[in-house]
>>> print(open('query.json').read())   # JSON, C-alpha atoms
[["chain", "number", "residue", "atom", "x", "y", "z"],
["A", 1149, "MET", "CA", 98.69, 103.28, 135.10],
["A", 1150, "SER", "CA", 95.61, 105.51, 134.98],
["A", 1151, "ALA", "CA", 92.12, 104.05, 134.67],
["A", 1152, "ASP", "CA", 91.92, 105.28, 131.06],
["A", 1153, "ALA", "CA", 95.34, 103.88, 130.20],
["A", 1154, "ASP", "CA", 94.23, 100.62, 131.83],
["A", 1155, "LEU", "CA", 91.16, 100.66, 129.57],
["A", 1156, "LEU", "CA", 93.27, 100.96, 126.45],
["A", 1157, "GLN", "CA", 95.46, 98.13, 127.65],
["A", 1158, "SER", "CA", 92.48, 95.92, 128.43],
["A", 1159, "LEU", "CA", 90.93, 96.53, 125.02],
["A", 1160, "SER", "CA", 94.28, 95.96, 123.31],
["A", 1161, "ASP", "CA", 94.80, 92.79, 125.32],
["A", 1162, "LEU", "CA", 91.34, 91.52, 124.38],
["A", 1163, "ILE", "CA", 92.02, 92.06, 120.68],
["A", 1164, "ALA", "CA", 95.53, 90.60, 120.87],
["A", 1165, "ARG", "CA", 94.30, 87.53, 122.76],
["A", 1166, "ASP", "CA", 91.15, 86.71, 120.82],
["A", 1167, "GLY", "CA", 91.74, 88.34, 117.44],
["A", 1168, "GLU", "CA", 93.21, 87.03, 114.19],
["A", 1169, "PRO", "CA", 96.30, 88.41, 112.43],
["A", 1170, "VAL", "CA", 95.46, 90.32, 109.26],
["A", 1171, "ARG", "CA", 97.36, 92.24, 106.63],
["A", 1172, "LEU", "CA", 95.96, 95.07, 104.57],
["A", 1173, "ARG", "CA", 97.34, 96.63, 101.43],
["A", 1174, "ARG", "CA", 98.13, 100.31, 101.08],
["A", 1175, "SER", "CA", 94.94, 102.18, 100.06],
["A", 1176, "GLN", "CA", 92.72, 99.31, 101.21],
["A", 1177, "TYR", "CA", 89.59, 100.32, 103.09],
["A", 1178, "ILE", "CA", 89.23, 99.20, 106.68],
["A", 1179, "VAL", "CA", 85.67, 100.49, 106.56],
["A", 1180, "ARG", "CA", 83.69, 102.75, 104.25],
["A", 1181, "ARG", "CA", 81.39, 105.47, 105.49],
["A", 1182, "GLY", "CA", 77.92, 104.06, 106.14],
["A", 1183, "GLU", "CA", 79.08, 100.47, 106.53],
["A", 1184, "ARG", "CA", 78.77, 98.52, 109.75],
["A", 1185, "PRO", "CA", 82.33, 97.72, 110.88],
["A", 1186, "HIS", "CA", 82.73, 93.98, 111.39],
["A", 1187, "SER", "CA", 85.98, 94.06, 113.37],
["A", 1188, "LEU", "CA", 88.11, 96.11, 115.72],
["A", 1189, "PHE", "CA", 91.77, 96.37, 114.76],
["A", 1190, "LEU", "CA", 94.88, 96.60, 116.91],
["A", 1191, "ILE", "CA", 97.53, 98.06, 114.61],
["A", 1192, "HIS", "CA", 101.01, 96.58, 114.93],
["A", 1193, "GLU", "CA", 102.65, 98.06, 111.84],
["A", 1194, "GLY", "CA", 101.54, 100.79, 109.48],
["A", 1195, "TRP", "CA", 99.33, 103.87, 109.46],
["A", 1196, "ALA", "CA", 95.68, 104.52, 108.61],
["A", 1197, "ALA", "CA", 93.43, 107.57, 108.42],
["A", 1198, "ARG", "CA", 89.79, 108.36, 109.14],
["A", 1199, "TYR", "CA", 88.29, 110.90, 106.74],
["A", 1200, "ARG", "CA", 85.26, 112.44, 105.03],
["A", 1201, "ILE", "CA", 85.01, 113.64, 101.46],
["A", 1202, "LEU", "CA", 82.65, 116.49, 100.63],
["A", 1203, "ARG", "CA", 80.53, 116.56, 97.49],
["A", 1204, "ASP", "CA", 82.99, 118.87, 95.74],
["A", 1205, "GLY", "CA", 85.87, 116.44, 96.38],
["A", 1206, "ARG", "CA", 87.51, 118.18, 99.33],
["A", 1207, "ARG", "CA", 88.77, 115.78, 101.99],
["A", 1208, "HIS", "CA", 89.16, 116.25, 105.72],
["A", 1209, "ILE", "CA", 91.21, 113.77, 107.73],
["A", 1210, "SER", "CA", 90.03, 113.69, 111.34],
["A", 1211, "GLN", "CA", 92.26, 110.95, 112.78],
["A", 1212, "PHE", "CA", 95.54, 109.21, 112.05],
["A", 1213, "TYR", "CA", 95.91, 105.68, 113.42],
["A", 1214, "THR", "CA", 99.48, 104.70, 114.23],
["A", 1215, "PRO", "CA", 101.11, 101.53, 115.60],
["A", 1216, "GLY", "CA", 99.63, 100.63, 118.98],
["A", 1217, "ASP", "CA", 96.25, 102.25, 118.25],
["A", 1218, "VAL", "CA", 92.90, 100.48, 118.37],
["A", 1219, "CYS", "CA", 90.74, 101.20, 115.34],
["A", 1220, "ASP", "CA", 88.14, 101.94, 116.58],
["A", 1221, "SER", "CA", 86.49, 101.50, 119.98],
["A", 1222, "SER", "CA", 83.75, 104.00, 119.05],
["A", 1223, "TRP", "CA", 82.35, 101.37, 116.68],
["A", 1224, "LEU", "CA", 81.07, 99.51, 119.75],
["A", 1225, "LEU", "CA", 78.83, 102.48, 120.47],
["A", 1226, "SER", "CA", 77.51, 103.13, 116.95],
["A", 1227, "GLY", "CA", 75.66, 101.11, 114.34],
["A", 1228, "GLU", "CA", 77.67, 102.24, 111.35],
["A", 1229, "ALA", "CA", 80.82, 104.14, 110.51],
["A", 1230, "GLY", "CA", 80.35, 107.88, 110.11],
["A", 1231, "HIS", "CA", 83.71, 108.19, 108.34],
["A", 1232, "SER", "CA", 85.75, 106.00, 106.04],
["A", 1233, "VAL", "CA", 89.04, 104.55, 107.31],
["A", 1234, "LEU", "CA", 91.78, 103.83, 104.80],
["A", 1235, "ALA", "CA", 95.20, 102.20, 105.13],
["A", 1236, "LEU", "CA", 97.83, 104.82, 104.24],
["A", 1237, "THR", "CA", 100.58, 102.20, 104.23],
["A", 1238, "PRO", "CA", 100.62, 98.40, 104.26],
["A", 1239, "LEU", "CA", 99.14, 97.37, 107.62],
["A", 1240, "ARG", "CA", 99.82, 94.45, 109.90],
["A", 1241, "ALA", "CA", 97.16, 94.18, 112.58],
["A", 1242, "VAL", "CA", 95.06, 91.89, 114.75],
["A", 1243, "ALA", "CA", 91.32, 91.93, 114.01],
["A", 1244, "LEU", "CA", 88.73, 91.05, 116.64],
["A", 1245, "ASP", "CA", 85.25, 90.19, 115.47],
["A", 1246, "ARG", "CA", 83.01, 93.02, 116.60],
["A", 1247, "GLU", "CA", 80.41, 90.63, 117.99],
["A", 1248, "ALA", "CA", 83.00, 89.15, 120.38],
["A", 1249, "ALA", "CA", 83.75, 92.62, 121.75],
["A", 1250, "GLU", "CA", 80.04, 93.45, 121.93],
["A", 1251, "LEU", "CA", 79.39, 90.32, 123.99],
["A", 1252, "ARG", "CA", 81.83, 91.52, 126.61],
["A", 1253, "PHE", "CA", 80.54, 95.06, 126.27],
["A", 1254, "GLY", "CA", 77.05, 93.82, 127.05],
["A", 1255, "ARG", "CA", 77.87, 91.63, 130.03],
["A", 1256, "ASP", "CA", 80.86, 93.35, 131.67],
["A", 1257, "ALA", "CA", 79.80, 96.65, 133.25],
["A", 1258, "GLU", "CA", 83.35, 97.70, 134.08],
["A", 1259, "PHE", "CA", 84.55, 97.04, 130.55],
["A", 1260, "SER", "CA", 81.56, 98.97, 129.19],
["A", 1261, "ARG", "CA", 82.36, 101.91, 131.47],
["A", 1262, "ARG", "CA", 85.94, 101.93, 130.33],
["A", 1263, "VAL", "CA", 85.04, 101.83, 126.64],
["A", 1264, "ALA", "CA", 82.74, 104.81, 127.22],
["A", 1265, "SER", "CA", 85.51, 106.59, 129.12],
["A", 1266, "GLU", "CA", 88.00, 105.97, 126.30],
["A", 1267, "SER", "CA", 85.51, 107.32, 123.77],
["A", 1268, "LEU", "CA", 85.08, 110.43, 125.92],
["A", 1269, "SER", "CA", 88.86, 110.89, 126.02],
["A", 1270, "ARG", "CA", 88.97, 110.80, 122.24],
["A", 1271, "LEU", "CA", 86.18, 113.37, 122.10],
["A", 1272, "GLU", "CA", 88.24, 115.62, 124.38],
["A", 1273, "ALA", "CA", 91.21, 115.25, 122.03],
["A", 1274, "GLN", "CA", 88.99, 116.17, 119.10],
["A", 1275, "ALA", "CA", 87.74, 119.20, 121.04],
["A", 1276, "GLU", "CA", 91.36, 120.31, 121.46],
["A", 1277, "TRP", "CA", 91.78, 120.07, 117.70],
["A", 1278, "MET", "CA", 88.64, 122.13, 117.15],
["A", 1279, "VAL", "CA", 90.30, 124.91, 119.14],
["A", 1280, "THR", "CA", 93.53, 124.44, 117.21],
["A", 1281, "LEU", "CA", 91.89, 124.50, 113.80],
["A", 1282, "GLY", "CA", 89.70, 127.45, 114.76],
["A", 1283, "CYS", "CA", 92.27, 129.67, 116.45],
["A", 1284, "LYS", "CA", 95.86, 128.70, 115.70],
["A", 1285, "SER", "CA", 98.10, 129.71, 112.82],
["A", 1286, "ALA", "CA", 99.28, 127.30, 110.14],
["A", 1287, "ARG", "CA", 102.66, 127.03, 111.88],
["A", 1288, "GLU", "CA", 100.99, 126.21, 115.20],
["A", 1289, "ARG", "CA", 98.66, 123.62, 113.66],
["A", 1290, "LEU", "CA", 101.42, 121.79, 111.86],
["A", 1291, "GLY", "CA", 103.72, 121.96, 114.88],
["A", 1292, "GLN", "CA", 101.02, 120.54, 117.14],
["A", 1293, "LEU", "CA", 100.34, 117.65, 114.77],
["A", 1294, "ILE", "CA", 104.03, 116.79, 114.54],
["A", 1295, "LEU", "CA", 104.44, 116.88, 118.32],
["A", 1296, "GLU", "CA", 101.28, 114.85, 118.94],
["A", 1297, "LEU", "CA", 102.21, 112.11, 116.49],
["A", 1298, "TYR", "CA", 105.74, 111.88, 117.87],
["A", 1299, "LEU", "CA", 104.48, 111.54, 121.45],
["A", 1300, "ARG", "CA", 101.96, 108.87, 120.47],
["A", 1301, "LEU", "CA", 104.63, 106.88, 118.66],
["A", 1302, "ASP", "CA", 107.01, 107.32, 121.57],
["A", 1303, "ARG", "CA", 104.37, 105.97, 123.96],
["A", 1304, "ALA", "CA", 104.03, 102.92, 121.69],
["A", 1305, "GLY", "CA", 107.80, 102.40, 121.65],
["A", 1306, "ARG", "CA", 108.08, 103.45, 118.00],
["A", 1307, "ALA", "CA", 110.15, 106.61, 118.41],
["A", 1308, "ALA", "CA", 113.53, 107.44, 119.93],
["A", 1309, "ASP", "CA", 116.05, 110.29, 120.04],
["A", 1310, "TRP", "CA", 113.39, 112.68, 118.67],
["A", 1311, "ARG", "CA", 113.12, 110.67, 115.43],
["A", 1312, "CYS", "CA", 110.39, 108.41, 114.07],
["A", 1313, "GLU", "CA", 108.82, 107.03, 110.92],
["A", 1314, "PHE", "CA", 106.55, 109.57, 109.25],
["A", 1315, "PRO", "CA", 104.88, 108.17, 106.13],
["A", 1316, "LEU", "CA", 102.51, 111.10, 105.63],
["A", 1317, "SER", "CA", 102.50, 113.16, 102.46],
["A", 1318, "GLN", "CA", 102.14, 116.92, 102.42],
["A", 1319, "GLN", "CA", 98.59, 116.37, 101.16],
["A", 1320, "HIS", "CA", 97.78, 114.18, 104.19],
["A", 1321, "LEU", "CA", 99.06, 116.93, 106.47],
["A", 1322, "ALA", "CA", 97.07, 119.52, 104.52],
["A", 1323, "ASP", "CA", 93.85, 117.50, 104.73],
["A", 1324, "PHE", "CA", 94.21, 117.21, 108.51],
["A", 1325, "THR", "CA", 95.21, 120.80, 109.27],
["A", 1326, "GLY", "CA", 92.87, 122.56, 106.82],
["A", 1327, "MET", "CA", 95.77, 123.94, 104.78],
["A", 1328, "THR", "CA", 96.82, 123.52, 101.17],
["A", 1329, "ALA", "CA", 99.72, 121.25, 100.26],
["A", 1330, "VAL", "CA", 101.64, 124.30, 99.06],
["A", 1331, "HIS", "CA", 101.13, 126.02, 102.42],
["A", 1332, "VAL", "CA", 102.23, 122.85, 104.24],
["A", 1333, "CYS", "CA", 105.40, 122.72, 102.13],
["A", 1334, "ARG", "CA", 106.18, 126.36, 102.91],
["A", 1335, "THR", "CA", 105.49, 125.88, 106.62],
["A", 1336, "LEU", "CA", 107.67, 122.76, 106.84],
["A", 1337, "ARG", "CA", 110.51, 124.69, 105.22],
["A", 1338, "GLY", "CA", 110.06, 127.37, 107.85],
["A", 1339, "LEU", "CA", 110.20, 124.83, 110.70],
["A", 1340, "ARG", "CA", 113.40, 123.40, 109.26],
["A", 1341, "ARG", "CA", 114.92, 126.85, 108.75],
["A", 1342, "GLU", "CA", 114.18, 127.68, 112.39],
["A", 1343, "GLN", "CA", 115.79, 124.39, 113.47],
["A", 1344, "LEU", "CA", 112.55, 123.15, 115.04],
["A", 1345, "ALA", "CA", 111.64, 120.07, 112.98],
["A", 1346, "HIS", "CA", 112.53, 118.36, 109.72],
["A", 1347, "VAL", "CA", 110.42, 115.97, 107.64],
["A", 1348, "HIS", "CA", 112.25, 114.16, 104.86],
["A", 1349, "GLY", "CA", 112.16, 110.72, 103.23],
["A", 1350, "ARG", "CA", 109.31, 109.34, 105.39],
["A", 1351, "LYS", "CA", 111.21, 110.34, 108.53],
["A", 1352, "LEU", "CA", 110.51, 112.99, 111.16],
["A", 1353, "SER", "CA", 113.23, 114.62, 113.22],
["A", 1354, "ILE", "CA", 112.27, 117.01, 116.00],
["A", 1355, "LEU", "CA", 115.27, 119.30, 116.35],
["A", 1356, "ASP", "CA", 114.15, 121.29, 119.40],
["A", 1357, "PHE", "CA", 111.11, 119.87, 121.19],
["A", 1358, "PRO", "CA", 110.69, 122.64, 123.84],
["A", 1359, "ALA", "CA", 111.06, 125.40, 121.25],
["A", 1360, "LEU", "CA", 108.61, 123.71, 118.87],
["A", 1361, "ALA", "CA", 106.11, 123.24, 121.71],
["A", 1362, "ARG", "CA", 106.36, 126.95, 122.56],
["A", 1363, "ALA", "CA", 106.04, 127.97, 118.92],
["A", 1364, "SER", "CA", 102.97, 125.76, 118.56],
["A", 1365, "SER", "CA", 101.31, 126.79, 121.86],
["A", 1366, "PHE", "CA", 101.27, 123.05, 122.50],
["A", 1367, "GLU", "CA", 100.09, 121.48, 125.76],
["A", 1368, "SER", "CA", 100.18, 117.70, 125.84],
["A", 1369, "GLY", "CA", 97.61, 117.14, 128.61],
["A", 1370, "TYR", "CA", 94.87, 116.11, 126.18],
["A", 1371, "LEU", "CA", 97.02, 113.15, 125.10],
["A", 1372, "ALA", "CA", 97.23, 111.64, 128.57],
["A", 1373, "CYS", "CA", 94.17, 109.47, 128.00],
["A", 1374, "ALA", "CA", 93.82, 109.51, 124.22]]
>>> encode(input="query.json", output="structure tokens")
Amino acid sequence: MSADADLLQSLSDLIARDGEPVRLRRSQYIVRRGERPHSLFLIHEGWAARYRILRDGRRHISQFYTPGDVCDSSWLLSGEAGHSVLALTPLRAVALDREAAELRFGRDAEFSRRVASESLSRLEAQAEWMVTLGCKSARERLGQLILELYLRLDRAGRAADWRCEFPLSQQHLADFTGMTAVHVCRTLRGLRREQLAHVHGRKLSILDFPALARASSFESGYLACA
């Protein structure tokens, strides 16, 4: 296990050991932009999204949280949330009081270093998406997102045989990739027609992983520590 993977495990273990089970409803806020988050969450079941809404109503989703993710270690390094986080589905999680994590963060230098390292890894993943959103085609963007989410779920033991739960709407995909829902629908049809991937009924099936990775110019290295 790499040092960064060990960090994620240690943070997950801390939350699992000292946190309290919680359940959130679909569309319930985990935190609103500008609020001080009171807890860190280890997600066991369900999906959430981090997003910003512009003054004209446009929304950009910058992160999907899936089972096994910690939401969000960056809150230990900031006073308030820069983005809102919303449950996209019913959530079952373990919540650790932020002050408990901050106590360890303040007295355990190794833990503090690892939290900072994990935050840097997430910044590197975001940098990869800046390249993707700035340079890649709609087909490449959507293919990369599908591949990334599958690999993250597979790492958490929530995917098998190139299939997994996929409770995202076309609008969610559009708000992440900078496309319209109509364009997402058209692109998904193309991926299915090419026998690369199929999204239907809250399920994702990757039909040809190597071919989809090539078509998306996808390199998974940025996920090693994210």
>>> atom_distance(input="query.json", atom1="atom CA of A:Leu1281", atom2="atom CA of A:Tyr1298")
19.2 Å
>>> atom_distance(input="query.json", atom1="atom CA of A:Ser1317", atom2="atom CA of A:Ile1209")
12.5 Å
>>> closest_residue(input="query.json", among="A:Gly1326, A:Arg1300, A:Ala1248, A:Leu1234", to="A:Asp1166", atoms="only C-alpha atoms")
A:Ala1248
>>> residues_around(input="query.json", residues="A:Ser1175", least_positions_apart="3", cutoff="10 Å", atoms="all atoms listed in the file", output="list in words")
Leu1172, Ile1178, Ala1196, Val1233, Leu1234, Ala1235, Leu1236, Thr1237, Pro1238 and Leu1239 of chain A
>>> axis_aligned_box(input="query.json", around="stretch 1192-1209 of chain A", padding_each_side="6 Å", output="AutoDock Vina command-line options")
--center_x 91.6 --center_y 107.7 --center_z 105.3 --size_x 34.1 --size_y 34.3 --size_z 31.2
>>> closest_residue(input="query.json", among="A:Ser1267, A:Thr1280, A:Thr1335, A:Ser1226", to="A:Ala1322", atoms="only C-alpha atoms")
A:Thr1335
>>> residues_around(input="query.json", residues="A:Ser1285", least_positions_apart="2", cutoff="12 Å", atoms="only C-alpha atoms", output="PDB file with C-alpha atoms, in the coordinates of the input")
ATOM      1  CA  VAL A1279      90.300 124.910 119.140  1.00  0.00           C
ATOM      2  CA  THR A1280      93.530 124.440 117.210  1.00  0.00           C
ATOM      3  CA  LEU A1281      91.890 124.500 113.800  1.00  0.00           C
ATOM      4  CA  GLY A1282      89.700 127.450 114.760  1.00  0.00           C
ATOM      5  CA  CYS A1283      92.270 129.670 116.450  1.00  0.00           C
ATOM      6  CA  ARG A1287     102.660 127.030 111.880  1.00  0.00           C
ATOM      7  CA  GLU A1288     100.990 126.210 115.200  1.00  0.00           C
ATOM      8  CA  ARG A1289      98.660 123.620 113.660  1.00  0.00           C
ATOM      9  CA  LEU A1290     101.420 121.790 111.860  1.00  0.00           C
ATOM     10  CA  GLY A1291     103.720 121.960 114.880  1.00  0.00           C
ATOM     11  CA  GLN A1292     101.020 120.540 117.140  1.00  0.00           C
ATOM     12  CA  THR A1325      95.210 120.800 109.270  1.00  0.00           C
ATOM     13  CA  GLY A1326      92.870 122.560 106.820  1.00  0.00           C
ATOM     14  CA  MET A1327      95.770 123.940 104.780  1.00  0.00           C
ATOM     15  CA  HIS A1331     101.130 126.020 102.420  1.00  0.00           C
ATOM     16  CA  VAL A1332     102.230 122.850 104.240  1.00  0.00           C
ATOM     17  CA  THR A1335     105.490 125.880 106.620  1.00  0.00           C
ATOM     18  CA  ALA A1363     106.040 127.970 118.920  1.00  0.00           C
ATOM     19  CA  SER A1364     102.970 125.760 118.560  1.00  0.00           C
ATOM     20  CA  SER A1365     101.310 126.790 121.860  1.00  0.00           C
TER      21      SER A1365
END
>>> closest_residue(input="query.json", among="A:Glu1193, A:Glu1313, A:Glu1272, A:Asp1220", to="A:Val1179", atoms="only C-alpha atoms")
A:Asp1220
>>> atom_distance(input="query.json", atom1="atom CA of A:His1192", atom2="atom CA of A:Glu1367")
27.2 Å
>>> closest_residue(input="query.json", among="A:Leu1371, A:Ala1304, A:Ala1286, A:Leu1271", to="A:Arg1334", atoms="only C-alpha atoms")
A:Ala1286
>>> residues_around(input="query.json", residues="A:Ser1160", least_positions_apart="3", cutoff="12 Å", atoms="all atoms listed in the file", output="list in words")
Ala1153, Asp1154, Leu1155, Leu1156, Gln1157, Ile1163, Ala1164, Arg1165, Asp1166, Gly1167, Leu1188, Phe1189, Leu1190, Ile1191, His1192, Pro1215, Gly1216, Asp1217, Val1218, Cys1219, Asp1220, Ser1221, Ala1241, Val1242, Ala1243, Leu1244, Ala1249 and Val1263 of chain A
>>> closest_residue(input="query.json", among="A:Val1170, A:Leu1297, A:Leu1224, A:Ile1201", to="A:Arg1184", atoms="all atoms listed in the file")
A:Leu1224
>>> decode(input="query.json", residues="stretch 1326-1336 of chain A", atoms="all heavy atoms", output="PDB file, in the first residue's frame")
ATOM      1  N   GLY A1326     -19.439  19.933 -18.593  1.00  0.00           N
ATOM      2  CA  GLY A1326     -19.571  21.185 -19.329  1.00  0.00           C
ATOM      3  C   GLY A1326     -20.340  21.046 -20.624  1.00  0.00           C
ATOM      4  O   GLY A1326     -20.181  21.864 -21.543  1.00  0.00           O
ATOM      5  N   MET A1327     -21.193  20.022 -20.712  1.00  0.00           N
ATOM      6  CA  MET A1327     -22.009  19.785 -21.889  1.00  0.00           C
ATOM      7  C   MET A1327     -23.467  20.115 -21.570  1.00  0.00           C
ATOM      8  O   MET A1327     -23.796  20.455 -20.447  1.00  0.00           O
ATOM      9  CB  MET A1327     -21.870  18.313 -22.319  1.00  0.00           C
ATOM     10  CG  MET A1327     -20.442  17.907 -22.648  1.00  0.00           C
ATOM     11  SD  MET A1327     -20.160  16.105 -22.578  1.00  0.00           S
ATOM     12  CE  MET A1327     -21.256  15.516 -23.863  1.00  0.00           C
ATOM     13  N   THR A1328     -24.329  20.009 -22.560  1.00  0.00           N
ATOM     14  CA  THR A1328     -25.762  20.075 -22.321  1.00  0.00           C
ATOM     15  C   THR A1328     -26.286  18.649 -22.143  1.00  0.00           C
ATOM     16  O   THR A1328     -25.658  17.682 -22.579  1.00  0.00           O
ATOM     17  CB  THR A1328     -26.501  20.730 -23.488  1.00  0.00           C
ATOM     18  OG1 THR A1328     -26.382  19.897 -24.652  1.00  0.00           O
ATOM     19  CG2 THR A1328     -25.933  22.120 -23.781  1.00  0.00           C
ATOM     20  N   ALA A1329     -27.445  18.530 -21.522  1.00  0.00           N
ATOM     21  CA  ALA A1329     -28.038  17.202 -21.349  1.00  0.00           C
ATOM     22  C   ALA A1329     -28.337  16.555 -22.696  1.00  0.00           C
ATOM     23  O   ALA A1329     -28.195  15.334 -22.860  1.00  0.00           O
ATOM     24  CB  ALA A1329     -29.310  17.312 -20.508  1.00  0.00           C
ATOM     25  N   VAL A1330     -28.731  17.364 -23.669  1.00  0.00           N
ATOM     26  CA  VAL A1330     -28.997  16.831 -25.005  1.00  0.00           C
ATOM     27  C   VAL A1330     -27.727  16.261 -25.625  1.00  0.00           C
ATOM     28  O   VAL A1330     -27.733  15.179 -26.232  1.00  0.00           O
ATOM     29  CB  VAL A1330     -29.597  17.929 -25.913  1.00  0.00           C
ATOM     30  CG1 VAL A1330     -29.675  17.455 -27.357  1.00  0.00           C
ATOM     31  CG2 VAL A1330     -30.971  18.339 -25.412  1.00  0.00           C
ATOM     32  N   HIS A1331     -26.621  16.983 -25.454  1.00  0.00           N
ATOM     33  CA  HIS A1331     -25.340  16.517 -26.002  1.00  0.00           C
ATOM     34  C   HIS A1331     -24.878  15.242 -25.286  1.00  0.00           C
ATOM     35  O   HIS A1331     -24.336  14.326 -25.908  1.00  0.00           O
ATOM     36  CB  HIS A1331     -24.292  17.619 -25.865  1.00  0.00           C
ATOM     37  CG  HIS A1331     -23.130  17.449 -26.786  1.00  0.00           C
ATOM     38  ND1 HIS A1331     -22.105  18.367 -26.865  1.00  0.00           N
ATOM     39  CD2 HIS A1331     -22.798  16.458 -27.656  1.00  0.00           C
ATOM     40  CE1 HIS A1331     -21.212  17.952 -27.737  1.00  0.00           C
ATOM     41  NE2 HIS A1331     -21.604  16.801 -28.233  1.00  0.00           N
ATOM     42  N   VAL A1332     -25.103  15.183 -23.970  1.00  0.00           N
ATOM     43  CA  VAL A1332     -24.767  13.965 -23.228  1.00  0.00           C
ATOM     44  C   VAL A1332     -25.567  12.787 -23.762  1.00  0.00           C
ATOM     45  O   VAL A1332     -25.020  11.696 -23.990  1.00  0.00           O
ATOM     46  CB  VAL A1332     -25.043  14.157 -21.722  1.00  0.00           C
ATOM     47  CG1 VAL A1332     -25.020  12.813 -20.991  1.00  0.00           C
ATOM     48  CG2 VAL A1332     -24.009  15.088 -21.107  1.00  0.00           C
ATOM     49  N   CYS A1333     -26.865  12.978 -23.971  1.00  0.00           N
ATOM     50  CA  CYS A1333     -27.718  11.911 -24.485  1.00  0.00           C
ATOM     51  C   CYS A1333     -27.210  11.415 -25.831  1.00  0.00           C
ATOM     52  O   CYS A1333     -27.103  10.201 -26.061  1.00  0.00           O
ATOM     53  CB  CYS A1333     -29.155  12.414 -24.601  1.00  0.00           C
ATOM     54  SG  CYS A1333     -30.319  11.183 -25.209  1.00  0.00           S
ATOM     55  N   ARG A1334     -26.860  12.342 -26.707  1.00  0.00           N
ATOM     56  CA  ARG A1334     -26.363  11.979 -28.037  1.00  0.00           C
ATOM     57  C   ARG A1334     -25.029  11.239 -27.934  1.00  0.00           C
ATOM     58  O   ARG A1334     -24.796  10.250 -28.643  1.00  0.00           O
ATOM     59  CB  ARG A1334     -26.204  13.254 -28.875  1.00  0.00           C
ATOM     60  CG  ARG A1334     -25.861  13.009 -30.332  1.00  0.00           C
ATOM     61  CD  ARG A1334     -25.665  14.323 -31.062  1.00  0.00           C
ATOM     62  NE  ARG A1334     -26.817  15.207 -30.897  1.00  0.00           N
ATOM     63  CZ  ARG A1334     -26.751  16.431 -30.397  1.00  0.00           C
ATOM     64  NH1 ARG A1334     -25.580  16.931 -29.992  1.00  0.00           N
ATOM     65  NH2 ARG A1334     -27.832  17.170 -30.288  1.00  0.00           N
ATOM     66  N   THR A1335     -24.168  11.696 -27.034  1.00  0.00           N
ATOM     67  CA  THR A1335     -22.854  11.065 -26.890  1.00  0.00           C
ATOM     68  C   THR A1335     -22.974   9.666 -26.292  1.00  0.00           C
ATOM     69  O   THR A1335     -22.279   8.735 -26.706  1.00  0.00           O
ATOM     70  CB  THR A1335     -21.937  11.946 -26.014  1.00  0.00           C
ATOM     71  OG1 THR A1335     -21.879  13.268 -26.560  1.00  0.00           O
ATOM     72  CG2 THR A1335     -20.525  11.373 -25.954  1.00  0.00           C
ATOM     73  N   LEU A1336     -23.858   9.500 -25.320  1.00  0.00           N
ATOM     74  CA  LEU A1336     -24.080   8.167 -24.746  1.00  0.00           C
ATOM     75  C   LEU A1336     -24.609   7.192 -25.793  1.00  0.00           C
ATOM     76  O   LEU A1336     -24.217   6.019 -25.817  1.00  0.00           O
ATOM     77  CB  LEU A1336     -25.060   8.259 -23.576  1.00  0.00           C
ATOM     78  CG  LEU A1336     -24.533   8.879 -22.285  1.00  0.00           C
ATOM     79  CD1 LEU A1336     -25.659   9.020 -21.263  1.00  0.00           C
ATOM     80  CD2 LEU A1336     -23.390   8.041 -21.697  1.00  0.00           C
TER      81      LEU A1336
END
